[in-house]
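J.: Mind having a look at this structure? Questions to follow.
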Protein chains: 2
Amino acid sequence: MIDSVVGAGGARLAVRTAGDPARPPIVFVHGWAQSSLSWAAQFADPVLTTEHHLIAFDLRGHGESDAPADGYGDSVTWAADLAAVLAYAGRPATVVGWSYGGLVITDYLRTHGCASLTAIVLVGAITEIGPGRPGGKTARAMVEALPDALSDDPAVAVPAVVSLTLRTTAEPVPGPLAQAWAGQTLRVSPAVRRALFRRDVGSADVLSAVSVPTLIVHGTEDAVVDPAAAEYAAGKIPGANVRWFPRVGHAPFAERVDEFNGVLRAAAAEGGKG
Amino acid sequence: MIDSVVGAGGARLAVRTAGDPARPPIVFVHGWAQSSLSWAAQFADPVLTTEHHLIAFDLRGHGESDAPADGYGDSVTWAADLAAVLAYAGRPATVVGWSYGGLVITDYLRTHGCASLTAIVLVGAITEIGPGRPGGKTARAMVEALPDALSDDPAVAVPAVVSLTLRTTAEPVPGPLAQAWAGQTLRVSPAVRRALFRRDVGSADVLSAVSVPTLIVHGTEDAVVDPAAAEYAAGKIPGANVRWFPRVGHAPFAERVDEFNGVLRAAAAEGGKG
C-alpha cells in the first residue's frame with residue numbers, strides 16, 4: 001500500500017506499508033538515490049509482517065516523493081521529514097537506516113534525540129558526511145563513481161551508476177534486480193543526487209547521546225561505505241552492538257535476507273523491552 | 001495523487017490523477033516499459049487540469065502497479081485493465097494512448113467497443129503487433145534496440161535502453177529527463193519487457209468499428225514507431241483525423257507540449273459533443 005505524509009516545508013513524502021498496524025512499527029530509511037523499494041525482501045517476509053508494522057518512505061527527491069528545490073543539505077529538514085514518518089507510525093518505532101539513511105537518522109537524533117524511538121539499526125550506514133569525517137568514510141566503488149554518477153549527461157552518469165550498482169553487493173545480484181536498482185537511481189534527478197553530497201556534518205556529540213539499543217550491521221566487503229564508518233559509530237554510541245556480515249557487501253538486507261531479518265527482529269525485540 | 005484500481009485477475013494498478021473530478025475525464029495509457037510519469041507535462045498544464053480530470057495509470061508490470069506473472073500477451077487482460085480505469089473515471093472519457101498504449105486501447109475496443117469512450121487520441125501509437133503487421137510497424141531505433149533492451153544482463157540491456165531513450169525524441173531531450181525515462185524502463189523487469197512483445201495481433205476489423213471521434217498524432221521523425229503505423233490506423237478508423245507533427249519524434253506530448261495539449265483539448269471537446 002502506498003500512502004503519504006507531509007514532511008518539512010509541505011513536501012509530500014510517499015510511504016509504503018505492510019504488516020499489522022497494531023504491531024510494533026519498524027520504520028525504514030533508504031540510501032542515496034534509492035527508494036523504499038530497497039526493502040522489498042523485508043516487506044515480503046511473512047514473519048516480519050506478522051510481528052510488525054513495516055513503514056518505508058521515499059526520501060524527498062526520491063521515488064514517489066515530492067522533489068522540492070531545496071532541503072537536501074539541511075539537517076533540520078531531514079529531521080522533520082523522518083519525524084513526520086514516525087508520527088505516522090503512531091507509536092515509538094525501531095528505525096532502520098541504510099547508507100545515507102543512517103545520516104538521516106543522525107539528523108533526526110540531532111534535533112529530537114531518541115524521542116519516538118525504541119531501537120536503532122544502522123546498515124552499511126554513514127552518520128557523518130564531508131571530507132575527512134570518519135563516520136562518513138566511503139569505500140572504493142563510491143569514490144570511483146563520483147562525480148560521474150552525478151552528471152546531467154546520460155553518457156557520463158549511466159555507466160557510473162550501473163558500475164556502482166553492480167558493486168553494491170559482494171556477489172553479483174541477479175541482473176533484473178541490478179537493473180531495477182539502477183533504474184531507481186536514474187529516476188532521482190541528478191540535481192538531487194548532487195545536493196545530498198553538498199554537506200559537511202560531524203556527529204560525535206549526537207551519537208554519544210543515544211539512549212536506545214542500537215545495532216550496527218555492516219558487510220565486511222562493503223565497497224560503498226567503508227567498514228571504518230561502522231566502527232566509528234560503534235565507538236561513539238553507548239552500548240552499541242556490531243554485527244559483521246562476512247563475505248557481504250553494502251546490502252546485507254538483500255544479500256543475506258534470512259539472517260538480516262532475524263537480526264532485525266531481535267533488535268526490535270530488544271528495543272521493545274525498554 | 002496516487003490511487004489504485006483492481007485490474008484483471010486482481011492485479012492492483014496504480015492510478016495518478018490531477019485536475020477537477022467534476023470535469024470530463026481524460027485517461028492516459030503509456031507505452032512499453034514506461035509509466036504514468038510519461039504525462040508529466042500534461043499533468044502540469046494549468047488549463048488541462050482546470051478543464052479536465054486527468055487520470056493516468058501504470059500498466060501491469062510497470063511503475064507502481066503489480067507485476068503478475070502473466071496477462072501481458074492477452075488482449076482480454078489488457079481490455080479488463082483499461083476497463084477498470086475507465087470505471088474509476090466514473091463517466092465516459094477521452095482516452096489517450098502512446099505507442100504500446102494504442103495497442104492497449106485497441107485491446108479494449110476489441111472486447112468492449114467504444115463503451116465509456118467519448119474520443120480516442122493515438123500518439124506515436126501502434127494498433128497491431130507481430131511480424132508484418134502494418135499497424136505495428138516499428139522504426140529504426142526500436143528495431144536496433146531489440147533484443148538487447150530485453151536482456152536480463154545489465155551490460156547488454158542498459159546501453160540498448162539508453163540508446164533507445166535518446167532516440168525517442170527528434171531533438172535531444174534534457175539529460176536529466178532522459179535519465180528519468182531510462183530509469184523508468186530499467187525498473188520494469190526484463191521478463192515483462194519481453195512479454196509485451198510476445199504477441200501477434202491484427203486489428204483491421206476492430207479499427208473499422210470505431211464510432212467515436214479519433215485523432216491520430218504522429219511525429220514525422222518518429223524513430224520508434226513508423227509513421228506508416230499511423231497511416232494504417234487512419235485508413236481503417238472511420239472519420240479519423242491525422243495531425244502530423246513535423247520535426248518531432250516519438251513523443252509529441254513532450255517535444256511540443258503546448259501544441260500537443262491544445263490539440264488534446266480540441267479532441268476532447270469534439271468527443272464531448274457526441
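Identifiers for the C-alpha cells are assigned positionally: chains receive A, B, ... in sequence, residues are indexed from 1 per chain, and ligands are indexed from 1 in the order shown.
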Determine, for each residue of chain A having at least one atom at most 10 Å from an atom of chain B, the closest pair of atoms and their separation in Å to one decimal, counting only C-alpha atoms; order by chain and ascending number, as a tab-separated table.
T.:
```
residue	atom	partner	partner_atom	distance
A:Met1	CA	B:Ser4	CA	9.3
A:Ile2	CA	B:Ile2	CA	7.8
A:Asp3	CA	B:Ile2	CA	8.2
A:Ser4	CA	B:Ile2	CA	9.2
A:Arg12	CA	B:Met1	CA	9.8
A:Ala14	CA	B:Ile2	CA	9.4
A:Glu64	CA	B:Ile2	CA	9.0
A:Ser151	CA	B:Pro176	CA	8.5
A:Asp152	CA	B:Gly175	CA	5.2
A:Asp153	CA	B:Gly175	CA	5.0
A:Pro154	CA	B:Gly175	CA	5.8
A:Ala155	CA	B:Val162	CA	8.6
A:Ala157	CA	B:Gln179	CA	8.4
A:Val158	CA	B:Gln179	CA	7.7
A:Pro159	CA	B:Pro159	CA	8.6
A:Val162	CA	B:Pro154	CA	7.8
A:Ser163	CA	B:Ala155	CA	9.6
A:Leu166	CA	B:Pro154	CA	8.9
A:Pro174	CA	B:Asp152	CA	8.1
A:Gly175	CA	B:Asp153	CA	5.0
A:Pro176	CA	B:Asp152	CA	5.3
A:Leu177	CA	B:Ser189	CA	8.0
A:Ala178	CA	B:Pro154	CA	7.0
A:Gln179	CA	B:Leu186	CA	5.4
A:Ala180	CA	B:Arg187	CA	4.1
A:Trp181	CA	B:Arg187	CA	7.2
A:Ala182	CA	B:Gly183	CA	7.0
A:Gly183	CA	B:Gly183	CA	3.8
A:Gln184	CA	B:Gly183	CA	6.1
A:Thr185	CA	B:Gly183	CA	7.2
A:Leu186	CA	B:Gly183	CA	4.8
A:Arg187	CA	B:Ala180	CA	4.1
A:Val188	CA	B:Ala180	CA	7.1
A:Ser189	CA	B:Pro176	CA	6.0
A:Pro190	CA	B:Pro176	CA	6.3
A:Ala191	CA	B:Pro176	CA	8.4
```
J.: Set the distance at 6 Å and use only C-alpha atoms: which residues neighbour segment 52-61 of chain B once local chain neighbours fewer than 4 positions away are removed? I'd like the list as a VMD selection string.
T.: chain B and resid 14 to 21 23 to 28 35 to 36 48 65 to 67
J.: Got a sec: who's within 9 Å of Thr118 of chain B, counting only C-alpha atoms, leaving out chain neighbours fewer than 4 positions off, as a list in words?
T.: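 Everything that qualifies: Pro92, Ala93, Thr94, Val95, Cys114, Val212, Pro213, Ala268, Glu270, Gly271, Gly272, Lys273 and Gly274 of chain B.
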J.: If you run DSSP on the backbone, which residues of segment 35-180 of chain B are helix (DSSP H, G or I), as a ChimeraX atom specification?
T.: /B:36-43,46-51,75-89,100-112,134-136,140-145,148-150,154-166,175-180
J.: Could you give me, as a list in words, each residue of segment 215-245 of chain A that DSSP assigns to strand (DSSP E) when run on this structure's backbone?
T.: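 The strand (DSSP E) residues within segment 215-245 of chain A come out as Leu215, Ile216, Val217, His218, Gly219, Asn241, Val242, Arg243, Trp244 and Phe245 of chain A.
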J.: Since we have the selection now, will you write its residues out, keeping N, CA, C and O atoms, as a tab-separated table (two decimals), in the first residue's frame?
T.:
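As a result, selection35.tsv now contains:
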```
chain	number	residue	atom	x	y	z
A	215	LEU	N	21.92	-1.30	17.04
A	215	LEU	CA	22.65	-2.38	16.36
A	215	LEU	C	23.26	-1.82	15.09
A	215	LEU	O	22.58	-1.13	14.32
A	216	ILE	N	24.52	-2.13	14.89
A	216	ILE	CA	25.22	-1.69	13.68
A	216	ILE	C	25.55	-2.91	12.86
A	216	ILE	O	26.27	-3.81	13.31
A	217	VAL	N	24.97	-2.98	11.65
A	217	VAL	CA	25.17	-4.11	10.74
A	217	VAL	C	26.03	-3.63	9.58
A	217	VAL	O	25.72	-2.57	8.98
A	218	HIS	N	27.08	-4.36	9.26
A	218	HIS	CA	27.94	-3.93	8.15
A	218	HIS	C	28.57	-5.15	7.50
A	218	HIS	O	28.99	-6.08	8.18
A	219	GLY	N	28.59	-5.16	6.18
A	219	GLY	CA	29.28	-6.23	5.46
A	219	GLY	C	30.78	-5.98	5.46
A	219	GLY	O	31.22	-4.85	5.24
A	241	ASN	N	25.81	-2.51	19.70
A	241	ASN	CA	26.31	-3.81	19.26
A	241	ASN	C	26.63	-3.75	17.78
A	241	ASN	O	25.93	-3.07	17.02
A	242	VAL	N	27.66	-4.47	17.38
A	242	VAL	CA	28.02	-4.54	15.96
A	242	VAL	C	27.86	-5.97	15.48
A	242	VAL	O	28.31	-6.91	16.14
A	243	ARG	N	27.20	-6.12	14.38
A	243	ARG	CA	27.10	-7.44	13.75
A	243	ARG	C	27.73	-7.37	12.38
A	243	ARG	O	27.18	-6.76	11.46
A	244	TRP	N	28.89	-7.97	12.24
A	244	TRP	CA	29.56	-8.02	10.93
A	244	TRP	C	28.97	-9.15	10.11
A	244	TRP	O	28.74	-10.25	10.61
A	245	PHE	N	28.73	-8.88	8.83
A	245	PHE	CA	28.30	-9.92	7.89
A	245	PHE	C	29.50	-10.25	6.99
A	245	PHE	O	29.85	-9.46	6.11
```
J.: Between atom CA of Val121 of chain A and atom CA of His62 of chain A, what distance in Å does the model show, to one decimal?
T.: 21.5 Å
J.: Between B:Leu146, B:Ala251, B:Ala170, B:Ala209, single out the one closest to Gly31 of chain B, counting only C-alpha atoms.
T.: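 Closest residue, counting only C-alpha atoms: B:Ala251.
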